[in-house]
file input_38.tsv (TSV, C-alpha atoms)
chain	number	residue	atom	x	y	z
A	20	MET	CA	-70.00	-98.00	-25.95
A	21	ARG	CA	-68.77	-95.53	-23.37
A	22	LEU	CA	-65.39	-95.82	-21.64
A	23	LEU	CA	-64.48	-93.58	-18.71
A	24	ILE	CA	-60.90	-93.17	-17.48
A	25	ILE	CA	-60.82	-91.76	-13.96
A	26	ASN	CA	-58.32	-90.52	-11.37
A	27	ILE	CA	-55.77	-89.65	-14.07
A	28	LYS	CA	-52.66	-88.27	-12.41
A	29	GLU	CA	-52.17	-85.91	-15.35
A	30	LEU	CA	-53.98	-85.70	-18.69
A	31	LEU	CA	-51.55	-84.44	-21.34
A	32	GLN	CA	-51.94	-82.56	-24.62
A	33	ILE	CA	-55.43	-81.21	-24.00
A	34	ARG	CA	-56.63	-78.72	-26.58
A	35	ASP	CA	-60.03	-77.06	-26.20
A	36	ILE	CA	-60.06	-76.16	-29.87
A	37	THR	CA	-58.67	-78.11	-32.80
A	38	ILE	CA	-55.18	-76.95	-33.72
A	39	ILE	CA	-53.25	-78.47	-36.60
A	40	LYS	CA	-49.66	-77.95	-35.35
A	41	VAL	CA	-47.53	-76.02	-32.86
A	42	SER	CA	-44.44	-74.02	-33.77
A	43	GLY	CA	-41.46	-72.27	-32.20
A	44	LYS	CA	-41.85	-71.20	-28.57
A	45	LYS	CA	-45.33	-72.75	-28.39
A	46	MET	CA	-43.72	-76.19	-28.68
A	47	LYS	CA	-42.58	-75.72	-25.07
A	48	GLU	CA	-46.23	-75.41	-23.99
A	49	LEU	CA	-47.98	-78.69	-23.13
A	50	PRO	CA	-51.49	-78.10	-21.74
A	51	THR	CA	-52.44	-80.60	-19.03
A	52	ILE	CA	-55.04	-81.26	-16.31
A	53	LYS	CA	-54.12	-82.96	-13.04
A	54	ASN	CA	-56.53	-85.30	-11.24
A	55	ALA	CA	-58.52	-85.68	-14.42
A	56	PHE	CA	-61.07	-87.85	-16.18
A	57	LEU	CA	-61.46	-88.69	-19.87
A	58	LEU	CA	-64.70	-89.93	-21.41
A	59	LEU	CA	-64.78	-91.82	-24.71
A	60	GLU	CA	-67.84	-92.87	-26.67
A	61	ASN	CA	-67.34	-95.45	-29.40
A	62	ASP	CA	-64.24	-94.12	-31.21
A	63	ILE	CA	-64.50	-90.44	-30.20
A	64	ILE	CA	-63.34	-88.28	-27.29
A	65	ILE	CA	-66.50	-86.66	-25.91
A	66	ASP	CA	-65.43	-85.10	-22.61
A	67	TYR	CA	-62.57	-84.51	-20.19
A	68	GLY	CA	-61.85	-82.37	-17.15
A	69	ASN	CA	-61.09	-82.37	-13.46
A	70	MET	CA	-62.38	-85.29	-11.37
A	71	ASN	CA	-64.65	-82.86	-9.50
A	72	ASP	CA	-66.69	-82.63	-12.71
A	73	CYS	CA	-66.56	-86.32	-13.59
A	74	PRO	CA	-69.79	-87.85	-14.99
A	75	ASP	CA	-71.23	-91.10	-13.65
A	76	VAL	CA	-71.12	-94.19	-15.88
A	77	THR	CA	-71.38	-97.91	-15.22
A	78	LYS	CA	-68.49	-99.41	-13.31
A	79	GLU	CA	-67.67	-102.08	-15.88
A	80	ASN	CA	-66.84	-99.33	-18.43
A	81	THR	CA	-64.36	-97.57	-16.16
A	82	ILE	CA	-60.57	-97.62	-16.01
A	83	ASP	CA	-58.92	-96.33	-12.84
A	84	ALA	CA	-55.72	-94.49	-13.87
A	85	THR	CA	-54.53	-93.59	-10.38
A	86	GLY	CA	-50.85	-92.60	-10.50
A	87	ARG	CA	-50.83	-92.79	-14.30
A	88	LEU	CA	-50.54	-90.32	-17.15
A	89	VAL	CA	-52.91	-90.29	-20.12
A	90	LEU	CA	-52.02	-88.78	-23.49
A	91	PRO	CA	-52.82	-89.17	-27.19
A	92	THR	CA	-51.10	-92.00	-29.03
A	93	TRP	CA	-47.95	-91.29	-31.01
A	94	CYS	CA	-48.30	-90.30	-34.68
A	95	ASP	CA	-45.35	-91.79	-36.56
A	96	SER	CA	-45.21	-89.88	-39.84
A	97	HIS	CA	-42.24	-91.60	-41.49
A	98	THR	CA	-41.75	-95.38	-41.71
A	99	HIS	CA	-40.75	-98.10	-44.15
A	100	ILE	CA	-42.37	-100.80	-42.03
A	101	VAL	CA	-43.33	-102.99	-45.01
A	102	TYR	CA	-40.14	-104.85	-45.86
A	103	ALA	CA	-38.86	-108.40	-46.15
A	104	GLY	CA	-36.24	-110.03	-43.93
A	105	ASN	CA	-33.53	-107.89	-42.33
A	106	ARG	CA	-30.05	-106.44	-42.92
A	107	GLU	CA	-28.26	-107.57	-39.80
A	108	GLN	CA	-25.03	-108.36	-41.71
A	109	GLU	CA	-24.79	-104.72	-42.78
A	110	PHE	CA	-25.04	-103.78	-39.11
A	111	VAL	CA	-21.90	-105.83	-38.52
A	112	ASP	CA	-20.26	-104.34	-41.64
A	113	ARG	CA	-20.71	-100.85	-40.20
A	114	ILE	CA	-19.20	-101.95	-36.90
A	115	ASN	CA	-16.21	-103.15	-38.94
A	116	GLY	CA	-15.78	-99.73	-40.50
A	117	LEU	CA	-17.86	-99.56	-43.68
A	118	SER	CA	-20.02	-96.47	-44.18
A	119	TYR	CA	-23.68	-96.47	-45.24
A	120	GLU	CA	-22.62	-95.24	-48.69
A	121	GLU	CA	-19.86	-97.87	-49.03
A	122	ILE	CA	-22.32	-100.63	-48.19
A	123	ALA	CA	-24.76	-99.25	-50.77
A	124	ASN	CA	-22.03	-99.08	-53.42
A	125	ARG	CA	-21.30	-102.79	-52.84
A	126	GLY	CA	-24.91	-103.70	-53.65
A	127	GLY	CA	-26.14	-103.54	-50.07
A	128	GLY	CA	-28.53	-101.05	-48.55
A	129	ILE	CA	-31.79	-100.39	-50.34
A	130	LEU	CA	-30.88	-102.69	-53.25
A	131	ASN	CA	-30.35	-105.55	-50.79
A	132	SER	CA	-33.83	-105.02	-49.33
A	133	ALA	CA	-35.30	-104.73	-52.82
A	134	GLU	CA	-33.90	-108.11	-53.84
A	135	LYS	CA	-35.32	-109.73	-50.70
A	136	LEU	CA	-38.73	-108.15	-51.25
A	137	GLN	CA	-38.88	-109.07	-54.93
A	138	ASN	CA	-38.42	-112.71	-53.89
A	139	THR	CA	-41.06	-112.59	-51.15
A	140	THR	CA	-44.72	-113.34	-51.82
A	141	GLU	CA	-47.34	-110.73	-51.07
A	142	ASP	CA	-48.89	-112.91	-48.36
A	143	GLU	CA	-45.56	-113.45	-46.61
A	144	LEU	CA	-44.73	-109.73	-46.86
A	145	TYR	CA	-48.13	-108.91	-45.36
A	146	LYS	CA	-47.57	-111.39	-42.53
A	147	GLN	CA	-44.18	-109.91	-41.60
A	148	SER	CA	-45.47	-106.34	-41.84
A	149	LEU	CA	-48.63	-107.02	-39.83
A	150	GLU	CA	-46.55	-108.32	-36.93
A	151	ARG	CA	-44.47	-105.13	-36.95
A	152	VAL	CA	-47.57	-102.93	-37.01
A	153	GLN	CA	-49.08	-104.83	-34.09
A	154	ASN	CA	-45.85	-104.41	-32.14
A	155	VAL	CA	-45.66	-100.63	-32.63
A	156	VAL	CA	-49.27	-100.25	-31.55
A	157	LYS	CA	-48.34	-101.90	-28.24
A	158	LEU	CA	-45.60	-99.25	-27.96
A	159	GLY	CA	-48.19	-96.50	-28.21
A	160	THR	CA	-48.35	-95.66	-31.91
A	161	GLY	CA	-51.89	-94.90	-33.03
A	162	ALA	CA	-51.26	-93.53	-36.53
A	163	ILE	CA	-48.51	-94.38	-38.98
A	164	GLU	CA	-47.32	-93.45	-42.45
A	165	ILE	CA	-45.86	-96.31	-44.50
A	166	LYS	CA	-43.74	-95.90	-47.63
A	167	SER	CA	-43.04	-98.22	-50.51
A	168	GLY	CA	-39.55	-98.08	-52.03
A	169	TYR	CA	-38.11	-101.55	-51.48
A	170	GLY	CA	-39.67	-102.90	-54.65
A	171	LEU	CA	-37.98	-100.86	-57.40
A	172	THR	CA	-39.91	-102.74	-60.10
A	173	VAL	CA	-43.47	-102.13	-61.22
A	174	GLU	CA	-44.65	-105.46	-59.82
A	175	SER	CA	-42.88	-105.15	-56.47
A	176	GLU	CA	-43.73	-101.50	-55.80
A	177	LEU	CA	-47.39	-102.34	-56.42
A	178	LYS	CA	-47.01	-105.39	-54.17
A	179	MET	CA	-45.80	-103.16	-51.33
A	180	LEU	CA	-48.61	-100.66	-51.79
A	181	ARG	CA	-51.20	-103.43	-51.89
A	182	VAL	CA	-49.80	-104.80	-48.64
A	183	ILE	CA	-50.16	-101.34	-47.11
A	184	LYS	CA	-53.76	-101.27	-48.33
A	185	ARG	CA	-54.40	-104.66	-46.67
A	186	LEU	CA	-52.91	-103.35	-43.43
A	187	LYS	CA	-55.30	-100.39	-43.62
A	188	GLU	CA	-58.25	-102.72	-44.10
A	189	ASN	CA	-57.31	-105.26	-41.42
A	190	THR	CA	-55.96	-103.15	-38.55
A	191	ALA	CA	-57.58	-100.45	-36.43
A	192	ILE	CA	-54.58	-98.11	-36.57
A	193	LYS	CA	-54.72	-95.08	-38.87
A	194	ILE	CA	-52.42	-95.70	-41.86
A	195	LYS	CA	-51.31	-93.35	-44.63
A	196	ALA	CA	-49.59	-94.69	-47.76
A	197	THR	CA	-46.67	-93.06	-49.58
A	198	PHE	CA	-45.25	-94.09	-52.95
A	199	LEU	CA	-41.44	-94.01	-52.80
A	200	GLY	CA	-40.48	-95.69	-56.05
A	201	ALA	CA	-37.63	-93.16	-56.27
A	202	HIS	CA	-35.79	-94.65	-53.30
A	203	ALA	CA	-32.75	-95.91	-55.26
A	204	ILE	CA	-31.71	-96.76	-58.80
A	205	PRO	CA	-32.27	-100.52	-59.34
A	206	LYS	CA	-29.46	-102.67	-60.74
A	207	ALA	CA	-31.28	-103.08	-64.05
A	208	PHE	CA	-31.10	-99.28	-64.58
A	209	LYS	CA	-27.55	-98.67	-63.37
A	210	GLY	CA	-26.24	-95.70	-65.35
A	211	ASN	CA	-29.73	-95.00	-66.70
A	212	THR	CA	-31.48	-92.91	-64.07
A	213	ASN	CA	-33.76	-91.25	-66.61
A	214	GLY	CA	-34.88	-94.65	-67.85
A	215	TYR	CA	-35.92	-95.64	-64.33
A	216	ILE	CA	-37.72	-92.33	-63.83
A	217	ASP	CA	-39.57	-93.00	-67.08
A	218	LEU	CA	-40.67	-96.34	-65.59
A	219	ILE	CA	-41.92	-94.58	-62.44
A	220	ILE	CA	-43.81	-91.95	-64.42
A	221	ASN	CA	-45.19	-94.04	-67.26
A	222	ASP	CA	-45.77	-97.44	-65.67
A	223	MET	CA	-46.05	-97.09	-61.88
A	224	LEU	CA	-47.87	-93.81	-61.26
A	225	PRO	CA	-50.87	-94.40	-63.56
A	226	ILE	CA	-51.67	-97.74	-61.85
A	227	ILE	CA	-51.15	-96.29	-58.36
A	228	ALA	CA	-53.51	-93.43	-59.16
A	229	LYS	CA	-56.10	-95.71	-60.79
A	230	GLU	CA	-56.14	-98.12	-57.81
A	231	ASN	CA	-55.87	-95.30	-55.24
A	232	LEU	CA	-52.88	-97.00	-53.61
A	233	ALA	CA	-51.14	-93.92	-52.18
A	234	GLU	CA	-51.86	-90.43	-50.91
A	235	TYR	CA	-48.29	-89.11	-50.94
A	236	ILE	CA	-45.25	-89.29	-53.18
A	237	ASP	CA	-41.68	-89.33	-51.88
A	238	VAL	CA	-38.22	-89.09	-53.45
A	239	PHE	CA	-34.80	-89.77	-51.89
A	240	CYS	CA	-33.32	-86.42	-52.96
A	241	GLU	CA	-29.67	-87.05	-52.19
A	242	LYS	CA	-26.30	-87.18	-53.93
A	243	GLY	CA	-25.84	-90.60	-55.49
A	244	TYR	CA	-29.61	-91.19	-55.56
A	245	PHE	CA	-31.93	-88.60	-57.13
A	246	SER	CA	-30.84	-85.10	-58.13
A	247	LEU	CA	-32.87	-81.91	-57.87
A	248	GLU	CA	-33.85	-82.27	-61.52
A	249	ASN	CA	-34.89	-85.91	-61.01
A	250	THR	CA	-36.86	-85.00	-57.88
A	251	GLU	CA	-38.67	-82.13	-59.56
A	252	ARG	CA	-39.66	-84.28	-62.52
A	253	ILE	CA	-41.11	-87.00	-60.28
A	254	MET	CA	-42.89	-84.58	-57.94
A	255	ALA	CA	-44.46	-82.71	-60.86
A	256	VAL	CA	-45.96	-85.85	-62.38
A	257	GLY	CA	-46.96	-87.19	-58.96
A	258	LYS	CA	-48.89	-84.00	-58.24
A	259	LYS	CA	-50.71	-84.34	-61.57
A	260	HIS	CA	-51.91	-87.73	-60.29
A	261	GLY	CA	-53.13	-86.12	-57.06
A	262	LEU	CA	-50.22	-87.22	-54.83
A	263	ILE	CA	-48.84	-84.76	-52.27
A	264	PRO	CA	-45.01	-84.64	-51.89
A	265	LYS	CA	-43.25	-85.76	-48.69
A	266	ILE	CA	-39.52	-85.68	-49.45
A	267	HIS	CA	-36.41	-87.40	-48.03
A	268	VAL	CA	-33.85	-84.59	-48.06
A	269	ASN	CA	-30.60	-83.38	-46.48
A	270	GLN	CA	-29.67	-86.71	-44.88
A	271	PHE	CA	-26.03	-86.45	-45.96
A	272	ASN	CA	-25.83	-83.24	-48.03
A	273	THR	CA	-27.64	-79.94	-48.43
A	274	PHE	CA	-27.94	-78.76	-52.03
A	275	GLY	CA	-31.34	-77.14	-52.50
A	276	GLY	CA	-33.75	-80.01	-51.88
A	277	VAL	CA	-35.66	-78.24	-49.12
A	278	GLU	CA	-36.34	-75.16	-51.25
A	279	LEU	CA	-37.48	-77.40	-54.11
A	280	ALA	CA	-39.82	-79.38	-51.86
A	281	VAL	CA	-41.31	-76.18	-50.44
A	282	ARG	CA	-41.86	-74.81	-53.94
A	283	TYR	CA	-43.88	-77.93	-54.80
A	284	GLY	CA	-45.99	-77.68	-51.65
A	285	ALA	CA	-44.50	-80.67	-49.84
A	286	LEU	CA	-46.36	-81.59	-46.66
A	287	SER	CA	-43.06	-82.50	-44.99
A	288	VAL	CA	-39.32	-82.59	-45.51
A	289	ASP	CA	-37.77	-85.48	-43.61
A	290	HIS	CA	-34.27	-86.16	-42.21
A	291	LEU	CA	-32.56	-82.71	-42.32
A	292	GLU	CA	-29.46	-83.95	-40.53
A	293	GLU	CA	-27.71	-81.33	-42.64
A	294	LEU	CA	-29.31	-77.89	-42.70
A	295	SER	CA	-28.43	-74.51	-44.24
A	296	GLU	CA	-29.68	-71.00	-43.47
A	297	SER	CA	-31.46	-70.94	-46.83
A	298	ASP	CA	-33.31	-74.14	-45.83
A	299	VAL	CA	-34.58	-72.44	-42.67
A	300	VAL	CA	-35.67	-69.35	-44.61
A	301	ALA	CA	-37.55	-71.49	-47.15
A	302	LEU	CA	-39.35	-73.41	-44.40
A	303	LYS	CA	-40.35	-70.23	-42.56
A	304	GLU	CA	-42.17	-69.03	-45.66
A	305	SER	CA	-44.13	-72.27	-46.09
A	306	ASP	CA	-46.63	-74.70	-44.57
A	307	THR	CA	-44.11	-77.56	-44.95
A	308	ILE	CA	-43.15	-79.21	-41.66
A	309	PRO	CA	-39.63	-80.49	-40.96
A	310	VAL	CA	-39.48	-84.05	-39.61
A	311	ALA	CA	-36.53	-85.33	-37.57
A	312	LEU	CA	-35.59	-89.02	-37.33
A	313	PRO	CA	-33.25	-89.25	-34.32
A	314	SER	CA	-33.11	-93.04	-34.04
A	315	CYS	CA	-31.71	-93.12	-37.60
A	316	SER	CA	-28.90	-90.78	-36.51
A	317	TYR	CA	-28.34	-92.96	-33.45
A	318	PHE	CA	-28.12	-96.18	-35.47
A	319	LEU	CA	-25.91	-94.80	-38.27
A	320	SER	CA	-23.79	-92.53	-36.03
A	321	ILE	CA	-24.51	-89.53	-38.26
A	322	PRO	CA	-25.37	-85.97	-37.11
A	323	TYR	CA	-28.73	-85.30	-35.51
A	324	THR	CA	-31.25	-82.90	-37.01
A	325	PRO	CA	-30.52	-79.45	-35.47
A	326	ALA	CA	-33.82	-79.21	-33.62
A	327	ARG	CA	-32.90	-76.09	-31.65
A	328	LYS	CA	-32.03	-74.22	-34.84
A	329	LEU	CA	-35.44	-75.07	-36.32
A	330	ILE	CA	-37.57	-74.48	-33.23
A	331	ASP	CA	-35.73	-71.31	-32.20
A	332	ALA	CA	-36.36	-69.96	-35.70
A	333	GLY	CA	-40.09	-70.25	-34.96
A	334	LEU	CA	-40.67	-73.41	-36.97
A	335	PRO	CA	-42.69	-76.52	-36.08
A	336	LEU	CA	-40.93	-79.88	-35.83
A	337	ALA	CA	-42.25	-83.43	-35.93
A	338	LEU	CA	-40.52	-86.60	-34.74
A	339	ALA	CA	-40.80	-90.01	-36.41
A	340	THR	CA	-39.02	-93.37	-36.30
A	341	ASP	CA	-37.91	-94.01	-39.92
A	342	TYR	CA	-38.56	-97.69	-39.11
A	343	ASN	CA	-36.71	-99.68	-41.79
A	344	PRO	CA	-34.34	-102.65	-42.02
A	345	GLY	CA	-31.17	-100.75	-42.88
A	346	SER	CA	-30.85	-97.55	-40.88
A	347	THR	CA	-33.52	-97.80	-38.15
A	348	PRO	CA	-34.75	-101.32	-37.33
A	349	SER	CA	-37.08	-100.00	-34.62
A	350	GLY	CA	-40.54	-98.47	-34.54
A	351	ASN	CA	-40.32	-97.40	-30.90
A	352	MET	CA	-41.53	-93.81	-30.66
A	353	ASN	CA	-40.73	-93.80	-26.94
A	354	PHE	CA	-37.04	-94.21	-27.77
A	355	VAL	CA	-37.40	-91.45	-30.37
A	356	ILE	CA	-38.63	-88.89	-27.83
A	357	SER	CA	-35.90	-89.90	-25.37
A	358	THR	CA	-33.20	-89.58	-28.02
A	359	ALA	CA	-34.56	-86.19	-29.10
A	360	CYS	CA	-34.27	-84.95	-25.52
A	361	ILE	CA	-30.82	-86.44	-24.93
A	362	LYS	CA	-29.14	-85.78	-28.27
A	363	MET	CA	-31.12	-82.91	-29.83
A	364	LYS	CA	-31.68	-80.88	-26.63
A	365	MET	CA	-35.44	-80.80	-27.03
A	366	THR	CA	-37.52	-80.43	-23.87
A	367	PRO	CA	-39.99	-83.19	-22.90
A	368	GLU	CA	-42.85	-80.82	-23.81
A	369	GLU	CA	-41.36	-80.20	-27.25
A	370	THR	CA	-40.90	-83.91	-27.94
A	371	ILE	CA	-44.44	-84.81	-26.90
A	372	ASN	CA	-45.81	-82.06	-29.15
A	373	ALA	CA	-43.53	-83.23	-31.96
A	374	ALA	CA	-44.64	-86.86	-31.62
A	375	THR	CA	-48.37	-86.18	-31.29
A	376	ILE	CA	-49.97	-83.07	-32.84
A	377	ASN	CA	-47.05	-82.23	-35.16
A	378	GLY	CA	-46.66	-85.86	-36.17
A	379	ALA	CA	-50.33	-85.86	-37.07
A	380	TYR	CA	-49.85	-82.70	-39.13
A	381	ALA	CA	-46.98	-84.36	-41.02
A	382	MET	CA	-49.46	-87.10	-41.97
A	383	GLY	CA	-52.27	-84.71	-42.87
A	384	ILE	CA	-54.51	-86.00	-40.06
A	385	SER	CA	-54.25	-83.42	-37.27
A	386	GLU	CA	-57.93	-82.52	-37.64
A	387	ASN	CA	-58.75	-85.87	-36.01
A	388	TYR	CA	-55.58	-87.10	-34.28
A	389	GLY	CA	-52.73	-85.89	-32.11
A	390	SER	CA	-54.42	-84.20	-29.14
A	391	ILE	CA	-57.03	-84.68	-26.43
A	392	THR	CA	-59.80	-82.66	-28.06
A	393	LYS	CA	-63.56	-83.24	-28.05
A	394	GLY	CA	-64.57	-84.81	-31.33
A	395	LYS	CA	-61.14	-86.28	-32.12
A	396	LYS	CA	-60.44	-89.98	-32.39
A	397	ALA	CA	-60.17	-91.92	-29.13
A	398	ASN	CA	-56.57	-93.10	-29.55
A	399	ILE	CA	-55.04	-93.02	-26.10
A	400	ILE	CA	-51.94	-94.08	-24.14
A	401	ILE	CA	-52.23	-94.89	-20.43
A	402	THR	CA	-48.82	-95.08	-18.80
A	403	LYS	CA	-47.67	-97.13	-15.85
A	404	GLU	CA	-47.30	-95.27	-12.57
A	405	VAL	CA	-44.62	-92.61	-13.16
A	406	PRO	CA	-43.54	-89.48	-11.24
A	407	SER	CA	-44.22	-87.06	-14.12
A	408	TYR	CA	-44.12	-86.82	-17.91
A	409	ASN	CA	-40.45	-85.83	-17.66
A	410	TYR	CA	-39.82	-89.42	-16.56
A	411	LEU	CA	-40.96	-90.80	-19.93
A	412	PRO	CA	-37.87	-89.62	-21.89
A	413	TYR	CA	-35.63	-89.70	-18.80
A	414	ALA	CA	-35.90	-93.44	-18.07
A	415	PHE	CA	-35.25	-94.38	-21.69
A	416	GLY	CA	-34.61	-98.07	-21.10
A	417	GLU	CA	-38.00	-98.82	-19.55
A	418	ASN	CA	-41.39	-99.50	-21.11
A	419	HIS	CA	-43.71	-96.97	-19.48
A	420	ILE	CA	-46.87	-97.96	-21.34
A	421	ASP	CA	-49.57	-99.84	-19.46
A	422	LYS	CA	-52.52	-99.69	-21.89
A	423	VAL	CA	-53.22	-98.50	-25.42
A	424	ILE	CA	-56.68	-97.60	-26.70
A	425	ILE	CA	-57.31	-97.45	-30.45
A	426	ASN	CA	-60.64	-96.13	-31.73
A	427	GLY	CA	-62.08	-96.35	-28.23
A	428	LYS	CA	-61.12	-100.03	-27.70
A	429	LEU	CA	-58.41	-101.47	-25.50
A	430	VAL	CA	-55.63	-103.16	-27.47
A	431	VAL	CA	-55.16	-106.68	-26.12
call {"tool": "encode", "arguments": {"input": "input_38.tsv", "output": "structure tokens"}}
result
Amino acid sequence: MRLLIINIKELLQIRDITIIKVSGKKMKELPTIKNAFLLLENDIIIDYGNMNDCPDVTKENTIDATGRLVLPTWCDSHTHIVYAGNREQEFVDRINGLSYEEIANRGGGILNSAEKLQNTTEDELYKQSLERVQNVVKLGTGAIEIKSGYGLTVESELKMLRVIKRLKENTAIKIKATFLGAHAIPKAFKGNTNGYIDLIINDMLPIIAKENLAEYIDVFCEKGYFSLENTERIMAVGKKHGLIPKIHVNQFNTFGGVELAVRYGALSVDHLEELSESDVVALKESDTIPVALPSCSYFLSIPYTPARKLIDAGLPLALATDYNPGSTPSGNMNFVISTACIKMKMTPEETINAATINGAYAMGISENYGSITKGKKANIIITKEVPSYNYLPYAFGENHIDKVIINGKLVV
């Protein structure tokens, strides 16, 4: 089936050739065409250009986008969207003065979510997670990475990954799976970190590899969670099973996690609210992309990733939601780009690049997603009537999305 979008006020993120990411000063460049058309066939972009060159197709397969912007869907490269219940009481606890670490030390945080998930059936977990995925698609997300990490037992980690697999099979959105068994030390292994790592290595990873349940492996490399030595041990075995590292690092402290991740060929290093000069040097000498999670900083009232330091050093940067029940109970990428502009001093062009092509790179899918390029997947956002793309992050409290197209089909 062919679908033609006509009279587009401005078509954003057009790339005549496939690029896999943009870095440094190039992040300020956002190629566009005004008064444009976009032609989709089945699930592929096959043509675009100025309306003067628009082809003729049947009227019933046409969308008139007068006054509207069209751009590729968001690529959210860091989420924990498969979880059970919520942690609203911890939200109140933080208002009353407790820190994220203090809540965790009292048995809250990740361990709280793990207990809820362990007591939730796979079907109920799938039901809750499916609703969240459907909601983020309506907000313009067309590709998403989902991590495990709220199981912390063999049975429950596998349950999470099997739910992710079901979401892949039953939704049109592009989904990548990440194994994050090393998210926290479960209560049963308190004081025995090595014993829990043995469980990850000897019991979880072989089954995950055999059933092909994940493409990436993640570790929460942070003081009080997993040390550099712990992280290296897990990454090394994960790589032997064919899993590519994507590492949580520098959320609260900087102590060498970025350099370690780079040495092991990590696709991305995520969080980076704390950043050292040696981290920047390590990233400049690698293909690893830094990923910022500004809505997490907003929710926890912690520092924001120093985007200007990274971009001005010539590095690429991706933006993602970190959607999870404890530190970011939102999968709204539109809020993420607004917050990045407001709090991280990124330009609208930089945020759109970070949330599309660079987000796709951080998921390993930029060959087929993240830009308006012939031959790429037809995952498209059509906005409501807006003055310009600057208005998208500017009017942060409004929903600017009119239509979402996934694999060439309108999302109803």
call {"tool": "atom_distance", "arguments": {"input": "input_38.tsv", "atom1": "CA of Glu174 (chain A)", "atom2": "CA of Phe198 (chain A)"}}
result
13.3 Å
call {"tool": "closest_residue", "arguments": {"input": "input_38.tsv", "among": "A:Asn377, A:Asn211, A:Ser385, A:Asn418", "to": "Ile308 (chain A)", "atoms": "only C-alpha atoms"}}
result
A:Asn377
call {"tool": "closest_residue", "arguments": {"input": "input_38.tsv", "among": "A:Val256, A:Ile100, A:Leu291, A:Ile236", "to": "Thr347 (chain A)", "atoms": "all atoms listed in the file"}}
result
A:Ile100
call {"tool": "atom_distance", "arguments": {"input": "input_38.tsv", "atom1": "CA of Ala162 (chain A)", "atom2": "CA of Lys328 (chain A)"}}
result
27.3 Å
call {"tool": "residues_around", "arguments": {"input": "input_38.tsv", "residues": "Pro264 (chain A)", "least_positions_apart": "6", "cutoff": "8 Å", "atoms": "all atoms listed in the file", "output": "PDB file with C-alpha atoms, keeping the file's coordinate frame"}}
result
ATOM      1  CA  TYR A 235     -48.290 -89.110 -50.940  1.00  0.00           C
ATOM      2  CA  ILE A 236     -45.250 -89.290 -53.180  1.00  0.00           C
ATOM      3  CA  ASP A 237     -41.680 -89.330 -51.880  1.00  0.00           C
ATOM      4  CA  MET A 254     -42.890 -84.580 -57.940  1.00  0.00           C
ATOM      5  CA  GLY A 257     -46.960 -87.190 -58.960  1.00  0.00           C
ATOM      6  CA  LYS A 258     -48.890 -84.000 -58.240  1.00  0.00           C
ATOM      7  CA  ALA A 280     -39.820 -79.380 -51.860  1.00  0.00           C
ATOM      8  CA  TYR A 283     -43.880 -77.930 -54.800  1.00  0.00           C
ATOM      9  CA  GLY A 284     -45.990 -77.680 -51.650  1.00  0.00           C
ATOM     10  CA  ALA A 285     -44.500 -80.670 -49.840  1.00  0.00           C
ATOM     11  CA  LEU A 286     -46.360 -81.590 -46.660  1.00  0.00           C
ATOM     12  CA  SER A 287     -43.060 -82.500 -44.990  1.00  0.00           C
TER      13      SER A 287
END
call {"tool": "residues_near_point", "arguments": {"input": "input_38.tsv", "point": "(-38.9, -94.6, -56.4)", "cutoff": "8 Å", "atoms": "all atoms listed in the file", "output": "compact mmCIF listing (two decimals) with C-alpha atoms, in the frame of the given file"}}
result
# COMPACT_ATOMS: atom_id res chain seq x y z
CA GLY A 168 -39.55 -98.08 -52.03
CA LEU A 171 -37.98 -100.86 -57.40
CA PHE A 198 -45.25 -94.09 -52.95
CA LEU A 199 -41.44 -94.01 -52.80
CA GLY A 200 -40.48 -95.69 -56.05
CA ALA A 201 -37.63 -93.16 -56.27
CA HIS A 202 -35.79 -94.65 -53.30
CA ALA A 203 -32.75 -95.91 -55.26
CA ILE A 204 -31.71 -96.76 -58.80
CA ILE A 216 -37.72 -92.33 -63.83
CA ILE A 219 -41.92 -94.58 -62.44
CA ASP A 237 -41.68 -89.33 -51.88
CA VAL A 238 -38.22 -89.09 -53.45
CA PHE A 239 -34.80 -89.77 -51.89
call {"tool": "closest_residue", "arguments": {"input": "input_38.tsv", "among": "A:Ile122, A:Met223, A:Met179, A:Ile165", "to": "Lys265 (chain A)", "atoms": "only C-alpha atoms"}}
result
A:Ile165
call {"tool": "residues_around", "arguments": {"input": "input_38.tsv", "residues": "Pro50 (chain A)", "least_positions_apart": "3", "cutoff": "7 Å", "atoms": "all atoms listed in the file", "output": "list in words"}}
result
Leu31, Gln32 and Ile33 of chain A
call {"tool": "decode", "arguments": {"input": "input_38.tsv", "residues": "region 199-212 of chain A", "atoms": "C-alpha atoms", "output": "compact mmCIF listing (two decimals), in the first residue's frame"}}
result
# COMPACT_ATOMS: atom_id res chain seq x y z
CA LEU A 199 20.25 -5.92 33.27
CA GLY A 200 20.43 -8.61 35.93
CA ALA A 201 23.18 -6.52 37.55
CA HIS A 202 20.80 -3.73 38.52
CA ALA A 203 21.06 -4.19 42.30
CA ILE A 204 22.11 -6.80 44.85
CA PRO A 205 18.99 -8.76 45.91
CA LYS A 206 18.19 -9.20 49.59
CA ALA A 207 19.07 -12.89 49.46
CA PHE A 208 22.66 -11.96 48.48
CA LYS A 209 23.19 -9.02 50.83
CA GLY A 210 26.90 -8.96 51.66
CA ASN A 211 27.60 -11.55 48.95
CA THR A 212 27.95 -9.61 45.71
